[in-house]
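One structure below.
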Amino acid sequence: MVDYMKYYSKTYEASRNAFHQTVNDYKNDWNDVRIWDSEVVENHFIDFALFNAPLKKNLLCLTCGLHGIEGYVGAAVIKYFVDQFRMSLSTQETTICLVHAINPYGMAKYERNNENNVDLNRNFVTNWEKLIPNDAYQNARDYFESTTVLGDPIFNKIDFAFTTLGQLIRTKPDQFKNALLSGQYNSPDGLYYGGNKYERSTKIMIDLFETLFKEDFQQMVFIDLHTGYGPKDKMLIVNSALEKYSSEKLKTLFSYPDVKKTDKEEFYAINGDMTDYLYHLKRVDAPEKTFYACAFEFGTYGDDLGGLLKSLRNTINSRKLRKGLVAPAYLEQYRSEYTQMFYPSDHLWRVDALKQAEKAMKGIFKAFGYLK
């Protein structure tokens, strides 16, 4: 029987140590392994492991922690991947790259953004000069950046309900959704802030990606691991709007039922998305390669109205927590609720997350001929 709980960690340091232990266990199966790290802020590192195959046929890259706190589940999936697929992937033809904690500061602090309040998945901008201002966010800025101190949670829920209703009266639902989720670049202290230049973590990852694209791989598959959004207790395969195949086509190819694209019809549009940046690199640097990139998104609160409103309230409250706008008596209660949004403690949720990830990976690996 599989002990699924052993893959999960409580702290950034414990997760990092477990990643290194997993890499050290796995490297015995390979002749050429490179392990290194890059310090982002003091004592907070992005860790890398590259298992080189003699034949440059396939590349598989798994990354986690782009959104800090989401890295705990992502790191568990990476460790689980090694255990479940170590005998199924060819060490002669498939090079594997594993990346732990793209946003190590956010992971350590149980926050989504990095040390500069930047959402790194809005920071992979292909042209900073052509960014379109998010006017919808600016028009709703007083709502998103409320300075009301967090007190009794019951009062907070009532206050949120009334202020949200008022905002929805002033803003169309689609505009309201895109105002927040697509990212904004004008309010450094606000929500989903994409920055005004590449963050250190972003630069490190761009350097890695550019190096990998220069190699002679015939096929390249990238999977980035996330939590929080999507149907409750389900894992979505989320594809770039730049992916040529439709979601229905990919459902069939991967034998996996839950597949969406990051466009306004199926999911939500994103500016500065890391997966989109990979498609940009493919188009510019490697148009001849077979290429696929996606995100695994493990749903928590759900995407029905109740779940979306709960997620929104927690997102707005997270900014207040970061700024210390909370009564001390309720601090831990609000922190716990925010943590559950991205790293549920429920035993069954954690087991199902790994099982669904395994099913999706098996479908993708089979579709691209990565399995022996």
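Chain lettering (A, B, ...) mirrors the order of the structure tokens, residue numbering begins at 1 for each chain separately, and ligand numbering begins at 1 in order of display.
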Go through region 111-207 of chain A residue by residue and, counting only C-alpha atoms, keep those with an atom at most 9 Å from region 333-353 of chain A; for each kept residue give the shortest atom pair and its distance in Å to one decimal, ordered by chain and increasing number, as CSV.
residue,atom,partner,partner_atom,distance
A:Glu111,CA,A:Thr339,CA,8.4
A:Arg112,CA,A:Phe342,CA,8.8
A:Leu150,CA,A:Tyr334,CA,8.5
A:Pro153,CA,A:Tyr334,CA,8.0
Output all heavy atoms for every residue in that selection, as a PDB file, in the first residue's frame.
ATOM      1  N   GLU A 111       2.750  32.115   1.219  1.00  0.00           N
ATOM      2  CA  GLU A 111       2.117  33.169   0.444  1.00  0.00           C
ATOM      3  C   GLU A 111       2.193  32.823  -1.037  1.00  0.00           C
ATOM      4  O   GLU A 111       3.029  32.034  -1.464  1.00  0.00           O
ATOM      5  CB  GLU A 111       2.807  34.518   0.691  1.00  0.00           C
ATOM      6  CG  GLU A 111       2.663  35.020   2.113  1.00  0.00           C
ATOM      7  CD  GLU A 111       3.410  36.328   2.357  1.00  0.00           C
ATOM      8  OE1 GLU A 111       4.039  36.847   1.404  1.00  0.00           O
ATOM      9  OE2 GLU A 111       3.372  36.822   3.495  1.00  0.00           O
ATOM     10  N   ARG A 112       1.335  33.427  -1.819  1.00  0.00           N
ATOM     11  CA  ARG A 112       1.283  33.139  -3.243  1.00  0.00           C
ATOM     12  C   ARG A 112       2.305  33.967  -4.027  1.00  0.00           C
ATOM     13  O   ARG A 112       2.931  33.478  -4.960  1.00  0.00           O
ATOM     14  CB  ARG A 112      -0.137  33.431  -3.755  1.00  0.00           C
ATOM     15  CG  ARG A 112      -0.450  32.911  -5.139  1.00  0.00           C
ATOM     16  CD  ARG A 112      -1.949  33.057  -5.405  1.00  0.00           C
ATOM     17  NE  ARG A 112      -2.317  32.572  -6.721  1.00  0.00           N
ATOM     18  CZ  ARG A 112      -2.288  33.296  -7.821  1.00  0.00           C
ATOM     19  NH1 ARG A 112      -1.885  34.563  -7.764  1.00  0.00           N
ATOM     20  NH2 ARG A 112      -2.646  32.783  -8.986  1.00  0.00           N
ATOM     21  N   LEU A 150      -9.247  43.187   9.361  1.00  0.00           N
ATOM     22  CA  LEU A 150      -9.920  41.910   9.551  1.00  0.00           C
ATOM     23  C   LEU A 150     -10.194  41.681  11.039  1.00  0.00           C
ATOM     24  O   LEU A 150      -9.280  41.638  11.850  1.00  0.00           O
ATOM     25  CB  LEU A 150      -9.048  40.772   9.012  1.00  0.00           C
ATOM     26  CG  LEU A 150      -8.788  40.769   7.505  1.00  0.00           C
ATOM     27  CD1 LEU A 150      -7.780  39.675   7.147  1.00  0.00           C
ATOM     28  CD2 LEU A 150     -10.077  40.572   6.735  1.00  0.00           C
ATOM     29  N   PRO A 153     -14.586  36.930  11.931  1.00  0.00           N
ATOM     30  CA  PRO A 153     -14.814  36.346  10.600  1.00  0.00           C
ATOM     31  C   PRO A 153     -16.264  36.417  10.141  1.00  0.00           C
ATOM     32  O   PRO A 153     -16.519  36.526   8.936  1.00  0.00           O
ATOM     33  CB  PRO A 153     -14.357  34.896  10.785  1.00  0.00           C
ATOM     34  CG  PRO A 153     -13.333  34.959  11.862  1.00  0.00           C
ATOM     35  CD  PRO A 153     -13.842  36.008  12.806  1.00  0.00           C
TER      36      PRO A 153
END
Item to check | All residues 9 Å or closer to region 227-241 of chain A, only C-alpha atoms, same chain fewer than 3 positions away omitted, as a ChimeraX atom specification | outcome: /A:67,69-71,73-74,244,247,256-263,267,269,273,275-276,279,292-304,307-308,311,340-343,349,352-353,356-357,360
Item to check | Nearest to Tyr105 (chain A), chosen from A:Trp128, A:Tyr12, A:Phe48, A:Tyr245, with only C-alpha atoms counted in the distances | outcome: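 Answer, going by the shortest atom-to-atom distance: A:Tyr12.
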Next on the checklist: With only C-alpha atoms as the counted atoms, please give the residues lying no more than 12 Å from Leu309 (chain A), apart from itself and same-chain residues fewer than 6 positions off, as a VMD selection string.
Outcome noted: chain A and resid 157 160 to 161 163 to 165 168 177 229 301 to 303 315 to 316
Checklist entry - Given the choices A:Asn117, A:Ser88, A:Thr211, A:Asn43, which gets closest to Lys362 (chain A) if the distance is worked out from only C-alpha atoms? => result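 Ranking A:Asn117, A:Ser88, A:Thr211, A:Asn43 by distance to Lys362 (chain A), first place goes to A:Ser88.
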